[in-house]
file query-v5.csv (CSV, C-alpha atoms and all ligand atoms)
chain,number,residue,atom,x,y,z
A,1317,MET,CA,106.0,14.8,47.7
A,1318,SER,CA,105.4,14.8,51.5
A,1319,GLN,CA,104.3,11.2,52.2
A,1320,ASP,CA,103.4,11.9,55.8
A,1321,ILE,CA,100.7,14.5,55.0
A,1322,ARG,CA,99.5,12.5,52.0
A,1323,ALA,CA,99.0,9.4,54.2
A,1324,PHE,CA,97.4,11.5,56.9
A,1325,PHE,CA,94.7,12.9,54.6
A,1326,ASN,CA,94.2,9.7,52.6
A,1327,GLU,CA,93.4,8.0,55.8
A,1328,LYS,CA,90.9,10.7,56.8
A,1329,ALA,CA,89.3,11.0,53.3
A,1330,PRO,CA,86.3,8.6,53.8
A,1331,PHE,CA,85.3,10.4,57.0
A,1332,TRP,CA,86.3,13.9,56.1
A,1333,ASP,CA,82.9,15.3,55.2
A,1334,ALA,CA,81.3,13.8,58.3
A,1335,MET,CA,84.0,15.3,60.5
A,1336,GLN,CA,83.6,18.9,59.1
A,1337,GLU,CA,80.9,21.4,59.7
A,1338,VAL,CA,81.2,23.9,56.8
A,1339,PRO,CA,80.5,27.4,58.1
A,1340,GLU,CA,78.6,28.3,54.9
A,1341,GLY,CA,77.8,31.9,55.7
A,1342,LYS,CA,81.3,32.8,56.7
A,1343,LEU,CA,82.9,31.0,53.7
A,1344,ARG,CA,80.5,32.7,51.3
A,1345,ALA,CA,81.2,36.1,52.8
A,1346,LEU,CA,85.0,35.7,52.6
A,1347,LEU,CA,84.9,34.4,49.0
A,1348,SER,CA,82.5,37.2,48.0
A,1349,GLU,CA,85.3,39.7,48.9
A,1350,LEU,CA,87.5,38.4,46.2
A,1351,PRO,CA,87.4,40.2,42.9
A,1352,ILE,CA,87.4,37.0,40.8
A,1353,VAL,CA,86.1,37.3,37.2
A,1354,ARG,CA,83.0,35.2,36.4
A,1355,GLY,CA,83.4,32.4,33.9
A,1356,GLY,CA,87.2,32.0,34.5
A,1357,VAL,CA,89.5,29.2,35.5
A,1358,ILE,CA,90.0,28.7,39.3
A,1359,LEU,CA,92.6,26.6,41.0
A,1360,ASP,CA,91.5,25.2,44.4
A,1361,VAL,CA,94.8,24.2,46.2
A,1362,GLY,CA,94.5,21.5,48.9
A,1363,SER,CA,91.0,21.0,47.6
A,1364,GLY,CA,90.2,18.0,49.8
A,1365,THR,CA,86.7,16.6,49.2
A,1366,GLY,CA,85.6,19.6,47.2
A,1367,VAL,CA,84.0,21.7,49.9
A,1368,LEU,CA,84.7,24.9,47.8
A,1369,ILE,CA,83.1,23.7,44.6
A,1370,PRO,CA,79.5,24.7,45.3
A,1371,PHE,CA,80.5,28.1,46.5
A,1372,LEU,CA,82.8,28.8,43.6
A,1373,ARG,CA,80.1,27.9,41.2
A,1374,GLU,CA,77.5,30.0,43.0
A,1375,LEU,CA,79.7,33.1,43.2
A,1376,PHE,CA,81.9,33.0,40.1
A,1377,ALA,CA,80.3,30.5,37.6
A,1378,PRO,CA,83.8,29.3,36.6
A,1379,PHE,CA,84.3,27.7,33.2
A,1380,LEU,CA,86.7,25.3,34.9
A,1381,ILE,CA,87.7,24.4,38.5
A,1382,VAL,CA,91.0,22.6,39.0
A,1383,GLU,CA,91.0,20.6,42.2
A,1384,LEU,CA,94.6,20.0,43.4
A,1385,ASP,CA,95.4,17.8,46.3
A,1386,ILE,CA,98.4,15.7,47.5
A,1387,ALA,CA,96.0,13.0,48.9
A,1388,GLU,CA,94.4,11.1,46.1
A,1389,ALA,CA,91.7,9.6,48.3
A,1390,MET,CA,90.4,13.2,49.1
A,1391,LEU,CA,90.1,13.8,45.4
A,1392,ALA,CA,88.3,10.5,44.9
A,1393,GLU,CA,85.7,11.7,47.4
A,1394,ALA,CA,85.3,15.0,45.6
A,1395,ARG,CA,84.9,13.2,42.3
A,1396,LYS,CA,82.2,10.9,43.7
A,1397,LYS,CA,80.1,14.0,44.7
A,1398,PHE,CA,80.8,16.4,41.8
A,1399,GLY,CA,81.8,14.3,38.8
A,1400,ASP,CA,83.9,15.7,35.9
A,1401,ASP,CA,81.7,18.3,34.4
A,1402,GLY,CA,83.6,21.6,34.6
A,1403,ILE,CA,86.1,20.1,37.1
A,1404,ARG,CA,89.6,18.6,36.7
A,1405,TYR,CA,91.2,16.7,39.5
A,1406,VAL,CA,94.9,16.9,39.8
A,1407,HIS,CA,96.9,14.7,42.2
A,1408,GLY,CA,100.1,16.4,43.2
A,1409,ASP,CA,102.1,18.5,45.5
A,1410,ALA,CA,101.4,22.3,45.3
A,1411,LYS,CA,105.1,23.1,45.3
A,1412,GLU,CA,105.9,21.2,42.1
A,1413,VAL,CA,102.8,20.3,40.1
A,1414,VAL,CA,102.9,21.8,36.6
A,1415,PHE,CA,99.7,23.0,34.9
A,1416,ALA,CA,98.9,23.3,31.2
A,1417,GLU,CA,96.8,26.4,31.9
A,1418,THR,CA,97.0,29.6,33.8
A,1419,PHE,CA,94.4,30.7,36.4
A,1420,ASP,CA,92.1,33.7,37.0
A,1421,ALA,CA,92.2,32.8,40.7
A,1422,ILE,CA,94.2,30.5,43.0
A,1423,ILE,CA,92.6,29.8,46.3
A,1424,CYS,CA,94.2,28.0,49.3
A,1425,TYR,CA,91.3,27.2,51.7
A,1426,SER,CA,92.4,25.5,54.9
A,1427,SER,CA,95.6,24.1,53.3
A,1428,PHE,CA,98.4,26.7,53.5
A,1429,PRO,CA,99.6,25.6,57.0
A,1430,HIS,CA,100.4,22.2,55.5
A,1431,PHE,CA,102.8,23.4,52.9
A,1432,GLU,CA,106.4,22.6,54.0
A,1433,ASP,CA,108.1,25.3,52.0
A,1434,LYS,CA,105.6,28.1,52.1
A,1435,GLU,CA,107.4,30.8,50.2
A,1436,GLY,CA,108.7,28.3,47.6
A,1437,THR,CA,105.1,26.9,47.1
A,1438,LEU,CA,103.7,30.4,46.7
A,1439,ARG,CA,106.4,31.2,44.2
A,1440,HIS,CA,105.6,28.1,42.2
A,1441,LEU,CA,101.9,28.6,42.2
A,1442,LEU,CA,102.0,32.2,41.3
A,1443,ALA,CA,103.8,31.3,38.1
A,1444,PHE,CA,100.4,29.9,37.0
A,1445,LEU,CA,98.3,33.0,38.0
A,1446,LYS,CA,97.3,35.2,35.1
A,1447,ASP,CA,98.2,38.9,35.2
A,1448,GLY,CA,95.4,40.6,37.1
A,1449,GLY,CA,94.5,37.2,38.7
A,1450,VAL,CA,93.5,36.8,42.4
A,1451,PHE,CA,95.5,34.8,44.9
A,1452,ALA,CA,93.9,34.1,48.3
A,1453,ILE,CA,94.6,32.2,51.5
A,1454,LEU,CA,91.6,31.7,53.7
A,1455,HIS,CA,90.4,30.1,56.9
A,1456,THR,CA,87.1,30.4,58.6
A,1457,ALA,CA,88.7,30.2,62.0
A,1458,SER,CA,91.4,32.1,63.8
A,1459,ARG,CA,95.2,31.5,63.3
A,1460,GLU,CA,95.4,30.7,67.0
A,1461,TYR,CA,92.7,28.1,66.8
A,1462,ILE,CA,94.2,26.4,63.7
A,1463,ASN,CA,97.7,26.3,65.1
A,1464,ALA,CA,96.4,24.9,68.4
A,1465,LEU,CA,94.5,22.2,66.5
A,1466,HIS,CA,97.5,21.2,64.4
A,1467,ALA,CA,99.7,21.1,67.6
A,1468,GLN,CA,97.6,18.2,68.8
A,1469,ASN,CA,98.8,15.7,66.2
A,1470,GLU,CA,102.3,14.4,65.6
A,1471,VAL,CA,102.0,14.8,61.8
A,1472,THR,CA,100.7,18.3,61.8
A,1473,ARG,CA,102.5,19.6,64.9
A,1474,ASN,CA,104.7,22.0,62.9
A,1475,HIS,CA,102.1,23.0,60.3
A,1476,LEU,CA,101.7,26.5,61.5
A,1477,LEU,CA,99.7,29.3,59.8
A,1478,PRO,CA,102.0,32.4,59.9
A,1479,GLU,CA,100.7,35.9,60.9
A,1480,GLY,CA,98.7,37.6,58.2
A,1481,ASP,CA,101.3,40.4,57.9
A,1482,GLU,CA,104.1,37.9,57.4
A,1483,VAL,CA,102.2,36.2,54.5
A,1484,ALA,CA,101.3,39.6,53.0
A,1485,ARG,CA,105.0,40.4,53.0
A,1486,MET,CA,105.8,37.2,51.2
A,1487,LEU,CA,103.1,37.9,48.6
A,1488,ALA,CA,104.3,41.4,48.1
A,1489,GLY,CA,107.9,40.1,47.8
A,1490,LEU,CA,106.7,37.8,45.0
A,1491,GLY,CA,105.2,40.7,43.1
A,1492,LEU,CA,101.5,40.8,44.2
A,1493,SER,CA,99.6,43.9,45.1
A,1494,VAL,CA,98.2,42.9,48.5
A,1495,LEU,CA,94.4,43.6,48.7
A,1496,ILE,CA,93.3,42.2,52.0
A,1497,VAL,CA,95.1,41.2,55.2
A,1498,ARG,CA,92.8,40.0,57.9
A,1499,ASP,CA,94.0,37.9,60.8
A,1500,THR,CA,91.4,38.1,63.5
A,1501,PRO,CA,89.9,35.9,66.3
A,1502,GLU,CA,87.1,35.0,63.8
A,1503,GLU,CA,88.8,34.4,60.5
A,1504,TYR,CA,91.9,34.7,58.3
A,1505,LEU,CA,92.1,36.1,54.8
A,1506,VAL,CA,95.2,37.3,52.9
A,1507,ALA,CA,94.6,38.1,49.3
A,1508,GLY,CA,96.4,39.8,46.5
A,1509,LEU,CA,96.4,40.6,42.8
A,1510,LYS,CA,99.1,39.7,40.3
A,1511,LYS,CA,100.4,42.9,38.7
A,1512,GLY,CA,100.5,42.9,35.0
A,1513,VAL,CA,103.8,43.7,33.2
A,1514,GLN,CA,103.9,47.5,32.8
B,1601,LIG,C1,92.7,20.6,56.2
B,1601,LIG,S1,92.5,19.9,54.6
B,1601,LIG,C2,91.4,21.0,53.8
B,1601,LIG,C3,90.7,20.4,52.6
B,1601,LIG,C4,89.6,21.4,52.0
B,1601,LIG,N1,90.2,22.6,51.5
B,1601,LIG,C5,88.6,21.7,53.1
B,1601,LIG,O1,88.6,22.8,53.6
B,1601,LIG,O2,87.7,20.8,53.4
B,1601,LIG,C6,94.0,20.2,53.8
B,1601,LIG,C7,94.2,19.6,52.4
B,1601,LIG,O3,95.4,20.1,51.8
B,1601,LIG,C8,96.0,19.0,51.2
B,1601,LIG,N2,97.4,19.3,51.1
B,1601,LIG,C9,98.3,19.4,52.1
B,1601,LIG,N3,99.5,19.6,51.6
B,1601,LIG,C10,99.4,19.7,50.3
B,1601,LIG,C11,100.3,20.0,49.2
B,1601,LIG,N4,101.6,20.3,49.5
B,1601,LIG,N5,99.9,20.1,48.0
B,1601,LIG,C12,98.6,19.8,47.7
B,1601,LIG,N6,97.6,19.5,48.6
B,1601,LIG,C13,98.1,19.5,49.9
B,1601,LIG,C14,95.7,17.8,52.1
B,1601,LIG,O4,95.8,16.5,51.4
B,1601,LIG,C15,94.2,18.1,52.5
B,1601,LIG,O5,93.3,17.5,51.6
call {"tool": "encode", "arguments": {"input": "query-v5.csv", "output": "structure tokens"}}
result
Amino acid sequence: MSQDIRAFFNEKAPFWDAMQEVPEGKLRALLSELPIVRGGVILDVGSGTGVLIPFLRELFAPFLIVELDIAEAMLAEARKKFGDDGIRYVHGDAKEVVFAETFDAIICYSSFPHFEDKEGTLRHLLAFLKDGGVFAILHTASREYINALHAQNEVTRNHLLPEGDEVARMLAGLGLSVLIVRDTPEEYLVAGLKKGVQ
């Protein structure tokens, strides 16, 4: 487990929500594009303080949301706000955590740049996606903005978001059908569908 990033976000956890302005309209619009079944099980990777929870509930009425984060203090903030009803909190590193269930959707919102081994983490997570399930990486700002922001801090300096086409190639190489590749000055969304065994 990467201790630097864990410590970095644990330290920020009590202030995270006050530091963030959630672009609700944009986030709702991006999530709405994903063909996620209603009533399913959704994994929120790098879930932080649970910013996605209200949107996932509104749009997809999931039976269960699994909140995964490497920083336990971020999860504690989420639990304070949302409790345990329909939500499970998992403390772990996305590249190695093992789940008892498989997911209808796996979403990485504002977390993908922080994964040290991006392709290895994708491969690991995709093993827990159901056939026909949706995988998405999304950001409500541009890649350039995010990379410039991360460059300002010693811990996140090398935490870069790759070009959308590069991530799409990774997902295709791991067996997904790529549905959306958007890497624009406004937003970033790469999404795919896990193909069933023919
Ligand atoms: C920029 S924050 C975004 C949090 C939340 N998604 C939001 O938008 O408010 C990135 C989150 O990813 C988590 N994270 C970073 N690397 C991770 C990893 N390898 N496995 C699980 N979580 C990770 C961090 O602890 C942090 O909470």
call {"tool": "residues_near_ligand", "arguments": {"input": "query-v5.csv", "ligand": "ligand LIG 1601 (chain B)", "cutoff": "9 Å", "atoms": "all atoms listed in the file", "output": "VMD selection string"}}
result
chain A and resid 1317 to 1318 1321 to 1326 1328 to 1329 1332 to 1333 1336 1338 1360 to 1368 1384 to 1391 1407 to 1413 1424 to 1433 1437 1455
call {"tool": "residues_around", "arguments": {"input": "query-v5.csv", "residues": "Asp1481 (chain A)", "least_positions_apart": "2", "cutoff": "12 Å", "atoms": "all atoms listed in the file", "output": "NGL selection string"}}
result
:A and (1477-1479 or 1483-1488 or 1494-1500 or 1504-1507)
call {"tool": "atom_distance", "arguments": {"input": "query-v5.csv", "atom1": "CA of Glu1460 (chain A)", "atom2": "CA of Lys1342 (chain A)"}}
result
17.6 Å
call {"tool": "atom_distance", "arguments": {"input": "query-v5.csv", "atom1": "CA of Thr1456 (chain A)", "atom2": "CA of Pro1339 (chain A)"}}
result
7.3 Å
call {"tool": "residues_near_point", "arguments": {"input": "query-v5.csv", "point": "(98.3, 24.9, 61.2)", "cutoff": "8 Å", "atoms": "only C-alpha atoms", "output": "list in words"}}
result
Phe1428, Pro1429, His1430, Arg1459, Ile1462, Asn1463, Ala1464, Leu1465, His1466, Ala1467, Thr1472, Arg1473, Asn1474, His1475, Leu1476 and Leu1477 of chain A
call {"tool": "atom_distance", "arguments": {"input": "query-v5.csv", "atom1": "CA of Glu1327 (chain A)", "atom2": "CA of Val1471 (chain A)"}}
result
12.5 Å
call {"tool": "closest_residue", "arguments": {"input": "query-v5.csv", "among": "A:Leu1343, A:Ala1394, A:Ala1421, A:Leu1438", "to": "Pro1378 (chain A)", "atoms": "all atoms listed in the file"}}
result
A:Ala1421
call {"tool": "closest_atom_pairs", "arguments": {"input": "query-v5.csv", "of": "region 1354-1398 of chain A", "to": "region 1440-1447 of chain A", "cutoff": "10 Å", "atoms": "only C-alpha atoms", "output": "CSV"}}
result
residue,atom,partner,partner_atom,distance
A:Val1357,CA,A:Lys1446,CA,9.8
A:Ile1358,CA,A:Leu1445,CA,9.4
A:Leu1359,CA,A:Leu1445,CA,9.1
A:Val1361,CA,A:Leu1441,CA,9.3
call {"tool": "closest_residue", "arguments": {"input": "query-v5.csv", "among": "A:Glu1393, A:Glu1435, A:Glu1383, A:Glu1503", "to": "Ile1423 (chain A)", "atoms": "all atoms listed in the file"}}
result
A:Glu1383
call {"tool": "closest_residue", "arguments": {"input": "query-v5.csv", "among": "A:Glu1470, A:Arg1439, A:Ile1369, A:Glu1374", "to": "Tyr1405 (chain A)", "atoms": "only C-alpha atoms"}}
result
A:Ile1369
call {"tool": "closest_residue", "arguments": {"input": "query-v5.csv", "among": "A:Glu1482, A:Ala1457, A:Val1406, A:Phe1419", "to": "Lys1434 (chain A)", "atoms": "only C-alpha atoms"}}
result
A:Glu1482
call {"tool": "decode", "arguments": {"input": "query-v5.csv", "residues": "region 1360-1393 of chain A", "atoms": "N, CA and C atoms", "output": "tab-separated table (two decimals), in the first residue's frame"}}
result
chain	number	residue	atom	x	y	z
A	1360	ASP	N	-17.10	2.28	-5.92
A	1360	ASP	CA	-16.62	3.66	-6.04
A	1360	ASP	C	-15.15	3.65	-5.57
A	1361	VAL	N	-14.23	3.73	-6.55
A	1361	VAL	CA	-12.80	3.53	-6.25
A	1361	VAL	C	-12.13	4.88	-5.96
A	1362	GLY	N	-11.47	4.96	-4.81
A	1362	GLY	CA	-10.90	6.25	-4.39
A	1362	GLY	C	-12.06	7.16	-4.04
A	1363	SER	N	-12.95	6.61	-3.22
A	1363	SER	CA	-14.27	7.22	-2.97
A	1363	SER	C	-14.18	8.47	-2.12
A	1364	GLY	N	-13.06	8.63	-1.39
A	1364	GLY	CA	-12.92	9.82	-0.56
A	1364	GLY	C	-14.02	9.91	0.48
A	1365	THR	N	-14.58	11.11	0.61
A	1365	THR	CA	-15.60	11.36	1.63
A	1365	THR	C	-17.00	11.06	1.12
A	1366	GLY	N	-17.10	10.35	0.00
A	1366	GLY	CA	-18.41	9.88	-0.47
A	1366	GLY	C	-19.16	10.84	-1.37
A	1367	VAL	N	-18.41	11.69	-2.07
A	1367	VAL	CA	-19.07	12.69	-2.91
A	1367	VAL	C	-20.02	12.06	-3.95
A	1368	LEU	N	-19.68	10.87	-4.41
A	1368	LEU	CA	-20.52	10.25	-5.47
A	1368	LEU	C	-21.82	9.65	-4.93
A	1369	ILE	N	-21.87	9.36	-3.65
A	1369	ILE	CA	-22.99	8.57	-3.11
A	1369	ILE	C	-24.37	9.16	-3.48
A	1370	PRO	N	-24.63	10.44	-3.24
A	1370	PRO	CA	-25.97	10.97	-3.56
A	1370	PRO	C	-26.30	10.86	-5.05
A	1371	PHE	N	-25.29	11.04	-5.89
A	1371	PHE	CA	-25.52	10.98	-7.34
A	1371	PHE	C	-25.80	9.54	-7.78
A	1372	LEU	N	-25.06	8.60	-7.24
A	1372	LEU	CA	-25.27	7.19	-7.60
A	1372	LEU	C	-26.67	6.76	-7.16
A	1373	ARG	N	-27.06	7.20	-5.98
A	1373	ARG	CA	-28.40	6.83	-5.49
A	1373	ARG	C	-29.48	7.44	-6.38
A	1374	GLU	N	-29.31	8.71	-6.70
A	1374	GLU	CA	-30.32	9.42	-7.52
A	1374	GLU	C	-30.46	8.78	-8.91
A	1375	LEU	N	-29.33	8.44	-9.52
A	1375	LEU	CA	-29.37	7.99	-10.92
A	1375	LEU	C	-29.58	6.49	-11.08
A	1376	PHE	N	-29.05	5.70	-10.13
A	1376	PHE	CA	-29.03	4.25	-10.36
A	1376	PHE	C	-29.66	3.42	-9.25
A	1377	ALA	N	-30.12	4.07	-8.20
A	1377	ALA	CA	-30.76	3.39	-7.06
A	1377	ALA	C	-30.07	2.06	-6.74
A	1378	PRO	N	-28.76	2.09	-6.49
A	1378	PRO	CA	-28.06	0.82	-6.29
A	1378	PRO	C	-28.52	0.09	-5.03
A	1379	PHE	N	-28.45	-1.22	-5.11
A	1379	PHE	CA	-28.73	-2.06	-3.95
A	1379	PHE	C	-27.61	-1.88	-2.93
A	1380	LEU	N	-26.38	-1.79	-3.45
A	1380	LEU	CA	-25.21	-1.63	-2.57
A	1380	LEU	C	-24.16	-0.75	-3.27
A	1381	ILE	N	-23.59	0.17	-2.49
A	1381	ILE	CA	-22.43	0.93	-2.97
A	1381	ILE	C	-21.24	0.51	-2.11
A	1382	VAL	N	-20.15	0.12	-2.74
A	1382	VAL	CA	-18.93	-0.18	-1.99
A	1382	VAL	C	-17.98	1.00	-2.18
A	1383	GLU	N	-17.63	1.62	-1.06
A	1383	GLU	CA	-16.73	2.76	-1.06
A	1383	GLU	C	-15.32	2.24	-0.73
A	1384	LEU	N	-14.42	2.38	-1.67
A	1384	LEU	CA	-13.05	1.88	-1.47
A	1384	LEU	C	-12.08	3.06	-1.43
A	1385	ASP	N	-11.26	3.09	-0.39
A	1385	ASP	CA	-10.24	4.14	-0.35
A	1385	ASP	C	-9.02	3.65	0.43
A	1386	ILE	N	-7.88	4.17	0.02
A	1386	ILE	CA	-6.62	3.83	0.68
A	1386	ILE	C	-6.44	4.63	1.97
A	1387	ALA	N	-7.19	5.72	2.09
A	1387	ALA	CA	-7.08	6.61	3.25
A	1387	ALA	C	-8.29	6.40	4.16
A	1388	GLU	N	-8.07	5.77	5.30
A	1388	GLU	CA	-9.18	5.41	6.18
A	1388	GLU	C	-9.90	6.63	6.75
A	1389	ALA	N	-9.17	7.76	6.89
A	1389	ALA	CA	-9.82	8.95	7.44
A	1389	ALA	C	-10.83	9.52	6.44
A	1390	MET	N	-10.58	9.34	5.15
A	1390	MET	CA	-11.56	9.78	4.14
A	1390	MET	C	-12.83	8.94	4.27
A	1391	LEU	N	-12.65	7.63	4.44
A	1391	LEU	CA	-13.81	6.74	4.60
A	1391	LEU	C	-14.59	7.09	5.88
A	1392	ALA	N	-13.87	7.44	6.93
A	1392	ALA	CA	-14.54	7.79	8.20
A	1392	ALA	C	-15.43	9.02	8.00
A	1393	GLU	N	-14.95	9.98	7.22
A	1393	GLU	CA	-15.78	11.17	6.93
A	1393	GLU	C	-17.03	10.77	6.17
